[in-house]
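Participant: Quick one, model-v2.txt (compact mmCIF, C-alpha atoms):
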```txt
# COMPACT_ATOMS: atom_id res chain seq x y z
CA MET N 364 102.07 84.58 91.31
CA ASP N 365 100.21 81.85 93.17
CA ILE N 366 100.32 82.99 96.81
CA LEU N 367 98.27 80.05 98.00
CA GLY N 368 100.15 77.34 96.12
CA PRO N 369 101.42 74.21 97.83
CA ASP N 370 104.99 74.95 96.70
CA ASP N 371 105.14 78.28 98.49
CA LYS N 372 107.53 77.98 101.42
CA THR N 373 106.95 79.74 104.72
CA VAL N 374 109.49 82.28 105.92
CA ARG N 375 109.91 83.72 109.36
CA THR N 376 109.46 87.45 109.63
CA GLN N 377 109.24 90.02 112.36
CA ILE N 378 106.63 92.75 112.61
CA THR N 379 106.03 95.46 115.14
CA LEU N 380 102.60 96.12 116.62
CA THR N 381 101.45 98.48 119.31
CA GLU N 382 100.53 96.81 122.59
CA LYS N 383 96.83 97.51 122.13
CA LEU N 384 96.79 96.25 118.56
CA LYS N 385 98.61 93.08 119.59
CA GLN N 386 96.07 92.52 122.37
CA LEU N 387 93.17 92.96 119.95
CA VAL N 388 94.72 90.62 117.40
CA GLU N 389 95.53 88.01 120.04
CA LYS N 390 91.98 88.19 121.37
CA LYS N 391 90.55 87.58 117.88
CA ALA N 392 93.00 84.75 117.24
CA VAL N 393 91.97 83.08 120.50
CA GLU N 394 88.29 83.49 119.61
CA LYS N 395 88.93 81.80 116.28
CA ASP N 396 91.17 79.16 117.91
CA ILE N 397 94.11 79.90 115.62
CA SER N 398 97.64 81.10 116.19
CA LEU N 399 98.60 84.74 116.10
CA SER N 400 100.71 84.01 113.01
CA GLU N 401 97.79 82.35 111.20
CA TYR N 402 95.49 85.24 112.05
CA LEU N 403 98.00 87.76 110.69
CA ARG N 404 98.58 85.67 107.54
CA ARG N 405 94.84 85.61 106.90
CA ALA N 406 94.57 89.35 107.53
CA ALA N 407 97.36 90.00 105.03
CA LEU N 408 95.63 87.85 102.40
CA VAL N 409 92.29 89.56 102.95
CA SER N 410 93.95 92.96 102.66
CA LEU N 411 95.65 91.97 99.40
CA LEU N 412 92.41 90.67 97.93
CA VAL N 413 90.36 93.70 99.01
CA GLU N 414 92.93 96.16 97.67
CA GLY N 415 92.96 94.32 94.36
CA ASP N 416 89.17 94.45 94.17
CA GLU N 417 89.17 98.17 94.99
CA ARG N 418 91.59 98.88 92.15
CA GLU N 419 89.47 96.86 89.72
CA GLU N 420 86.28 98.60 90.87
CA LEU N 421 87.87 102.03 90.45
CA LYS N 422 89.15 101.08 87.01
CA ARG N 423 85.68 99.89 85.96
CA LEU N 424 84.16 103.11 87.29
CA ALA N 425 86.69 105.23 85.40
CA ASP N 426 86.02 103.26 82.21
CA MET N 427 82.29 103.90 82.64
CA VAL N 428 82.77 107.64 83.22
CA ILE N 429 85.31 108.24 80.46
CA GLY N 430 83.45 109.37 77.39
CA SER N 431 80.17 109.84 79.23
CA VAL N 432 80.93 113.36 80.42
CA SER N 433 79.99 116.11 78.01
CA SER N 434 82.32 119.11 77.96
CA LYS N 435 79.35 121.18 76.76
CA LYS N 436 77.46 120.44 79.97
CA ASN N 437 80.66 120.49 82.06
CA PRO N 438 82.97 123.12 80.55
CA HIS N 439 85.32 122.83 83.53
CA TRP N 440 86.26 119.34 82.21
CA LYS N 441 87.13 120.38 78.67
CA ASN N 442 90.92 120.18 79.19
CA LYS N 443 93.59 119.75 81.85
CA ARG N 444 93.94 123.47 82.52
CA ALA N 445 90.17 123.87 83.02
CA VAL N 446 90.06 120.91 85.40
CA LYS N 447 92.94 122.30 87.46
CA LYS N 448 91.23 125.69 87.70
CA TRP N 449 87.94 124.07 88.65
CA VAL N 450 89.64 122.04 91.41
CA ARG N 451 91.44 125.15 92.72
CA ASP N 452 88.17 127.06 92.76
CA LEU N 453 86.39 124.27 94.62
CA ARG N 454 89.15 124.03 97.19
CA SER N 455 89.13 127.77 97.77
CA GLU N 456 85.39 127.54 98.56
CA TRP N 457 86.18 125.01 101.32
CA GLU N 458 88.57 127.34 103.13
```
What does this structure look like when you write it as structure tokens?
Facilitator:
Amino acid sequence: MDILGPDDKTVRTQITLTEKLKQLVEKKAVEKDISLSEYLRRAALVSLLVEGDEREELKRLADMVIGSVSSKKNPHWKNKRAVKKWVRDLRSEWE
């Protein structure tokens, strides 16, 4: 989906902000000399792009880790049951 395409029509929407958040956003929009709507559109786009990058980074990290962990050196990772026990044990140490 091309979210920045010239054929994409604008639609009016309503959002709810807290008073303080609205004040902060308005202040930033004024500083940048853009409308509140434009500022919020840009913020939404940035959020979408960052979230997409985070997912890709996590996927790349998982791909790097998978297969690189030895169950001989890490017996708590040998199967699902062992991992669950290991996680439970770790969590009980934090209590």
Participant: What's the separation between atom CA of N:Arg375 and atom CA of N:Asp396, in Å to one decimal place?
Facilitator: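 If I compute the distance from atom CA of N:Arg375 to atom CA of N:Asp396, I get 21.1 Å.
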Participant: Please, what distance in Å, to one decimal, runs between atom CA of N:Ile378 and atom CA of N:Glu419?
Facilitator: 28.9 Å
Participant: Grab the atom CA of N:Trp440 to atom CA of N:Leu453 distance for me, in Å with one decimal place.
Facilitator: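 Interatomic distance here is 13.4 Å.
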Participant: Give the answer as one residue: which of N:Ala425, N:Val413, N:Ser400, N:Val388 has the shortest atom-to-atom distance to N:Val374, using only C-alpha atoms?
Facilitator: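 For N:Val374, the nearest of the given residues is N:Ser400.
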Participant: Need the shell around N:Lys391: protein/DNA/RNA residues with any atom at most 9 Å away, counting all atoms listed in the file. Skip same-chain ones fewer than 6 positions apart. Format as a list in words?
Facilitator: Ile397, Leu399 and Tyr402 of chain N
Participant: How would stretch 378-401 of chain N look with N, CA and C atoms restored, written as a short mmCIF file (atom, residue, chain, number, x, y, z; two decimals), in the frame of the given file?
Facilitator:
```cif
data_model
loop_
_atom_site.label_atom_id
_atom_site.label_comp_id
_atom_site.auth_asym_id
_atom_site.auth_seq_id
_atom_site.Cartn_x
_atom_site.Cartn_y
_atom_site.Cartn_z
N ILE N 378 107.40 91.52 112.78
CA ILE N 378 106.63 92.75 112.61
C ILE N 378 106.53 93.44 113.95
N THR N 379 106.19 94.69 113.92
CA THR N 379 106.03 95.46 115.14
C THR N 379 104.59 95.94 115.23
N LEU N 380 103.96 95.68 116.36
CA LEU N 380 102.60 96.12 116.62
C LEU N 380 102.59 96.95 117.89
N THR N 381 101.61 97.80 118.03
CA THR N 381 101.45 98.48 119.31
C THR N 381 100.90 97.46 120.31
N GLU N 382 101.02 97.74 121.57
CA GLU N 382 100.53 96.81 122.59
C GLU N 382 99.03 96.57 122.45
N LYS N 383 98.29 97.65 122.24
CA LYS N 383 96.83 97.51 122.13
C LYS N 383 96.43 96.72 120.89
N LEU N 384 97.10 96.99 119.77
CA LEU N 384 96.79 96.25 118.56
C LEU N 384 97.11 94.77 118.73
N LYS N 385 98.24 94.47 119.35
CA LYS N 385 98.61 93.08 119.59
C LYS N 385 97.57 92.39 120.47
N GLN N 386 97.10 93.09 121.50
CA GLN N 386 96.07 92.52 122.37
C GLN N 386 94.79 92.23 121.60
N LEU N 387 94.38 93.16 120.75
CA LEU N 387 93.17 92.96 119.95
C LEU N 387 93.32 91.78 119.00
N VAL N 388 94.48 91.70 118.35
CA VAL N 388 94.72 90.62 117.40
C VAL N 388 94.77 89.28 118.13
N GLU N 389 95.46 89.25 119.26
CA GLU N 389 95.53 88.01 120.04
C GLU N 389 94.15 87.56 120.50
N LYS N 390 93.33 88.52 120.92
CA LYS N 390 91.98 88.19 121.37
C LYS N 390 91.19 87.55 120.23
N LYS N 391 91.27 88.14 119.03
CA LYS N 391 90.55 87.58 117.88
C LYS N 391 91.09 86.21 117.51
N ALA N 392 92.40 86.05 117.57
CA ALA N 392 93.00 84.75 117.24
C ALA N 392 92.53 83.68 118.21
N VAL N 393 92.45 84.02 119.49
CA VAL N 393 91.97 83.08 120.50
C VAL N 393 90.51 82.72 120.23
N GLU N 394 89.71 83.73 119.92
CA GLU N 394 88.29 83.49 119.61
C GLU N 394 88.13 82.53 118.45
N LYS N 395 89.01 82.64 117.47
CA LYS N 395 88.93 81.80 116.28
C LYS N 395 89.71 80.49 116.44
N ASP N 396 90.37 80.34 117.59
CA ASP N 396 91.17 79.16 117.91
C ASP N 396 92.26 78.91 116.87
N ILE N 397 92.96 80.00 116.53
CA ILE N 397 94.11 79.90 115.62
C ILE N 397 95.27 80.66 116.22
N SER N 398 96.45 80.42 115.68
CA SER N 398 97.64 81.10 116.19
C SER N 398 97.65 82.56 115.75
N LEU N 399 98.43 83.34 116.45
CA LEU N 399 98.60 84.74 116.10
C LEU N 399 99.16 84.85 114.67
N SER N 400 100.12 84.00 114.35
CA SER N 400 100.71 84.01 113.01
C SER N 400 99.67 83.71 111.94
N GLU N 401 98.82 82.71 112.18
CA GLU N 401 97.79 82.35 111.20
C GLU N 401 96.80 83.49 111.04
#
```
